[in-house]
Structures are given as C-alpha cells and as structure tokens.
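Written below as structure tokens is the structure these notes are about.
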Amino acid sequence: MGIQCIESVTYSVDDLDTCVRFFTDFGLTVSHVDESTAEFATLAGQTLQLQIDPDDFLQPPVEAGPTVREVVWGVDTADELDRLAGAVAADRDVDVGDDGVLRSVDQTGFGLGLTVTATVEPEIREIAPANRWGSVGRLNASITSVGPVKPIRMCHVALNIPKAGADEAVAFYVDRLGFIPTDIVKPMGTFMRCEGDADQHNLLLSHRPDAAGINHVSYEVASFDDVVEGGNHMIDQGWTETRRLGRHVIGSNIFRFFHAPCGGRVELAADMDRVDDSYGVRVHETSPGHHIWTLRANRDTAESEKRA
C-alpha cells in the first residue's frame with residue numbers, strides 16, 4: 001500500500017520559546033522540551049519537531065529564516081519501506097538516522113524521510129449531530145462549547161517550489177513515491193494524495209510563488225465548531241490570523257490560517273473531501289479560485305469604500 005500519512009515535520013527555528021507557546025496554544029500535546037529542541041504530538045501520534053540547532057542529518061534549508069527542514073512520510077510495512085528507499089536511491093543518497101528513519105532530499109531541496117508508521121487510531125470526542133428541516137439528528141439536546149481544541153492529525157503539507165523544474169518536482173513524488181495526483185491547477189500547482197489515505201490531498205507543490213519555502217501545514221480537527229473555536233482561541237492568545245474562516249474550492253475543507261513563528265502558516269481544517277481512484281486527475285487550465293466563501297461582515301464593504 002505504500003505511504004500512509006505524514007509521520008513527522010521538522011522545523012529549524014530561532015525563537016524556541018515563542019514556537020512552544022504557539023503550538024501549545026494551538027492544541028498539540030507537548031512530548032519534550034529542552035533548551036534547543038521541542039517535540040509535540042497530534043492525537044494520531046504524528047510528531048512536530050522544533051530545533052534551534054538542527055541535527056547534522058537534516059538537509060540545508062531551502063529559504064532563509066525559520067522554515068521546514070524535513071517531512072517524514074509513514075509507510076505501512078518494512079518491505080514497502082525498502083522498495084520506496086530503493087526508488088529514491090536511484091540518483092541520490094539515502095542515509096539511515098539513529099532513529100531508523102531513511103533520509104534523503106527531494107528535487108527542490110526539502111528534506112525527505114521515510115519510516116514505518118507508528119501512528120495510532122486517535123480518540124476523538126463525539127460530534128453532535130446536526131438538525132435541519134426534515135431531518136432531526138439532535139433531540140432535546142443543546143450544543144455546547146467543544147472546549148480545548150486538539151488537532152487530530154497533520155492532514156497535508158503545502159510546499160512552495162520554483163517554476164523551473166516544477167514538473168520534475170511533481171514527478172519525483174508520483175513516479176518514485178507513489179503519490180496520486182488529484183487536481184492539477186496549471187497556474188498554481190499540483191495536489192496529490194498518498195496511496196494509503198483518502199484525503200483529496202496530503203501534499204501540495206505550489207509553483208505560483210516561484211521560490212522554494214514552506215507554505216503551510218494543515219491540521220485536521222473534529223468539526224466546523226473546532227475550526228471556529230480553535231481559531232478564536234488563537235486570536236485570544238495574541239496570534240495573527242492570515243486567512244479568516246472559509247471553505248476551499250479544491251478539497252472543500254473549512255479552514256482558518258495562522259502565521260506560525262516556525263515559518264509559513266498553519267491551518268485548522270475540517271470536512272475535507274475524501275476520494276478514491278475513480279476521482280481521477282482533474283486538470284484546471286485556470287485557477288478555480290481559493291475559496292467558495294470566506295467570512296464577511298458589513299464593515300468589510302464599508303472599509304473598502306473608504307479606501308476607494
């Protein structure tokens with residue numbers, strides 16, 4: 001079956017304390033913190049690594065400042081791990097770290113890791129059913145706050161890549177690692193899913209910025225309410241929202257984005273499209289747009305008219 005999921009993401013950072021506070025507020029579980037490193041976990045057992053002095057085995061950064069240094073992908077079996085490692089090793093080195101992770105580099109220069117997945121089935125709180133005309137899902141029961149929001153899993157990573165060599169960058173993940181293209185937006189980039197996941201995408205390579213760097217890491221939460229309440233909590237803690245509440249066109253997920261002190265952005269996401277092989281590859285000659293809707297208020301129109 002091959003790659004199942006994101007296993008871990010590692011960033012090099014210059015302000016560890018701020019990053020630890022950010023991801024604690026974001027709802028990840030702290031596994032370890034010392035003077036130079038920190039580790040967090042999702043409910044599914046994926047790990048987020050933060051390092052002041054990156055380990056020697058990590059690839060050089062693709063951009064200045066805090067940024068992602070490595071994405072490790074979880075594979076279902078040791079045999080599949082060996083097969084994929086052989087495909088990667090066709091024209092580049094593959095090294096084994098002390099942690100058993102097979103490490104190399106992709107076409108753009110991002111650190112790439114492969115390991116047998118250690119993720120677990122997450123314990124997720126029960127989601128209250130919805131009511132609408134003709135369908136009563138919730139009777140004699142009121143909705144209450146979801147409480148502290150806990151990200152279930154890292155569901156996708158979006159990486160920026162240069163336009164030159166973009167086709168080769170995509171082909172590396174498709175031809176060698178078995179990623180399945182789902183939506184190709186010619187002016188922007190390619191959405192792909194890994195073989196073991198039904199999400200519409202687990203990886204986006206975006207050539208629109210025409211430069212290498214981290215775009216965002218997306219974290220799935222349990223419901224629409226979690227996206228709203230989790231985002232409100234981040235604002236209450238003083239963090240900066242970069243894209244307000246909305247629903248994407250491609251993938252259909254509800255989203256809120258926040259600027260991350262580790263580099264790029266993080267996304268709270270819920271209700272992503274699930275697809276199978278019959279979805280095929282959808283090619284978009286022009287961009288279908290970023291969102292179906294985003295939250296608006298009357299004051300947005302008034303402020304626009306003032307600037308006109």
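Please note that chains go A, B, ... in the order of the structure tokens, that every chain numbers its residues from 1, and that ligands are numbered from 1 in the order shown.
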| task | Write out as a ChimeraX atom specification the residues lying within 7 Å of stretch 156-170 of chain A, counting only C-alpha atoms and excluding same-chain residues fewer than 5 positions away. | result | /A:107-108,201-207,209-218
### Contacts of A:Arg69 at 12 Å (only C-alpha atoms; same-chain gap of 3+ positions) as a PyMOL selection string
chain A and resi 8-13+48-66+72+103-106+108-113+159+212-214+262-263
Residues near A:Thr182, cut-off 9 Å, only C-alpha atoms, skip fewer than 3 positions along chain, as a PyMOL selection string | chain A and resi 190-193+200-201+275+279-283
Would you save the residues from that selection as a tab-separated table (two decimals), in the first residue's frame, using N, CA and C atoms?
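out-v4.tsv written:
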```tsv
chain	number	residue	atom	x	y	z
A	190	THR	N	0.22	21.43	-8.03
A	190	THR	CA	-0.34	20.09	-8.12
A	190	THR	C	-0.69	19.57	-6.74
A	191	PHE	N	-1.95	19.14	-6.59
A	191	PHE	CA	-2.43	18.50	-5.37
A	191	PHE	C	-2.29	16.99	-5.54
A	192	MET	N	-1.79	16.30	-4.50
A	192	MET	CA	-1.58	14.86	-4.55
A	192	MET	C	-1.99	14.23	-3.23
A	193	ARG	N	-2.41	12.96	-3.32
A	193	ARG	CA	-2.66	12.20	-2.10
A	193	ARG	C	-1.72	11.00	-2.06
A	200	GLN	N	-8.45	14.27	-0.24
A	200	GLN	CA	-8.26	14.77	-1.60
A	200	GLN	C	-6.80	15.17	-1.85
A	201	HIS	N	-6.11	15.65	-0.82
A	201	HIS	CA	-4.66	15.83	-0.96
A	201	HIS	C	-3.97	15.74	0.40
A	275	VAL	N	-11.65	10.93	-1.40
A	275	VAL	CA	-11.75	10.48	-2.78
A	275	VAL	C	-11.18	9.07	-2.90
A	279	TYR	N	-11.90	9.13	-8.71
A	279	TYR	CA	-11.83	10.60	-8.77
A	279	TYR	C	-11.02	11.05	-9.99
A	280	GLY	N	-9.99	10.26	-10.32
A	280	GLY	CA	-9.16	10.59	-11.47
A	280	GLY	C	-8.25	11.77	-11.20
A	281	VAL	N	-7.77	12.37	-12.27
A	281	VAL	CA	-6.94	13.58	-12.20
A	281	VAL	C	-7.70	14.70	-12.88
A	282	ARG	N	-7.99	15.74	-12.12
A	282	ARG	CA	-8.75	16.87	-12.67
A	282	ARG	C	-7.78	18.00	-12.99
A	283	VAL	N	-7.72	18.36	-14.25
A	283	VAL	CA	-6.78	19.38	-14.72
A	283	VAL	C	-7.53	20.69	-14.90
```
Counting only C-alpha atoms, closest pick from A:Lys186, A:Arg247, A:His259, A:Arg132 relative to A:His284 is A:Lys186
Measuring atom to atom with only C-alpha atoms, identify which of A:Thr144, A:Gln46, A:Ser287, A:Thr240 is nearest to A:Arg256.
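Of the candidates, the smallest distance to A:Arg256 is held by A:Thr240.
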Proximity check stretch 88-198 of chain A to stretch 73-78 of chain A, 12 Å, nearest pairs one decimal Å, only C-alpha atoms, as a Markdown table:
```
| residue | atom | partner | partner_atom | distance |
| --- | --- | --- | --- | --- |
| A:Gly100 | CA | A:Ala78 | CA | 11.4 |
| A:Val101 | CA | A:Trp73 | CA | 9.6 |
| A:Leu102 | CA | A:Trp73 | CA | 9.9 |
| A:Arg103 | CA | A:Trp73 | CA | 10.3 |
| A:Ser104 | CA | A:Trp73 | CA | 11.8 |
| A:Gly111 | CA | A:Trp73 | CA | 11.0 |
| A:Leu112 | CA | A:Trp73 | CA | 7.8 |
| A:Gly113 | CA | A:Trp73 | CA | 6.0 |
| A:Leu114 | CA | A:Trp73 | CA | 5.0 |
| A:Thr115 | CA | A:Gly74 | CA | 5.3 |
| A:Val116 | CA | A:Val75 | CA | 4.6 |
| A:Thr117 | CA | A:Gly74 | CA | 4.2 |
| A:Ala118 | CA | A:Gly74 | CA | 7.5 |
| A:Thr119 | CA | A:Gly74 | CA | 8.1 |
| A:Val120 | CA | A:Gly74 | CA | 11.6 |
| A:Met154 | CA | A:Trp73 | CA | 11.2 |
| A:Cys155 | CA | A:Trp73 | CA | 11.6 |
| A:His156 | CA | A:Trp73 | CA | 11.0 |
| A:Val157 | CA | A:Trp73 | CA | 10.9 |
| A:Tyr173 | CA | A:Trp73 | CA | 11.4 |
| A:Leu177 | CA | A:Trp73 | CA | 9.8 |
| A:Gly178 | CA | A:Val75 | CA | 11.2 |
| A:Phe179 | CA | A:Trp73 | CA | 11.2 |
| A:Arg193 | CA | A:Trp73 | CA | 11.9 |
| A:Cys194 | CA | A:Trp73 | CA | 9.3 |
| A:Glu195 | CA | A:Val75 | CA | 9.7 |
| A:Gly196 | CA | A:Asp76 | CA | 8.2 |
| A:Asp197 | CA | A:Gly74 | CA | 11.1 |
```
- Please provide the set of residues having any atom within 7 Å of A:Arg208, restricted to only C-alpha atoms, with same-chain residues fewer than 5 positions apart removed, written as an NGL selection string. :A and (187-189)
For this session: Could you check which of A:Ala260, A:Leu43, A:Val146, A:Ala128 is closest to A:Glu220, using only C-alpha atoms?
Result: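 Ranking A:Ala260, A:Leu43, A:Val146, A:Ala128 by distance to A:Glu220, first place goes to A:Leu43.
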| Minimum-distance residue to A:Glu123, chosen among A:Gly147, A:Gly246, A:Gly45, A:Gly238 (using only C-alpha atoms) |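 Checking each of A:Gly147, A:Gly246, A:Gly45, A:Gly238 against A:Glu123, counting only C-alpha atoms, the winner is A:Gly45.
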Residue neighbourhood A:Leu84, 7 Å, only C-alpha atoms, exclusion window fewer than 3 positions, as a ChimeraX atom specification:
/A:80-81,87-88,176-177
Expressed in Å, the length from atom CA of A:Ile250 to atom CA of A:Asp183 is 7.7 Å
Notebook entry, point to check: Which residues in stretch 47-272 of chain A does DSSP call strand (DSSP E or B)? List them as a count of residues only.
Noted result: 82
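Between atom CA of A:Arg153 and atom CA of A:Gly97 there is a distance of 24.1 Å.
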Please list as a VMD selection string every residue within 9 Å of A:Gly251, counting only C-alpha atoms and excluding residues in the same chain fewer than 2 positions away. chain A and resid 199 to 201 247 to 249 253 271 to 274
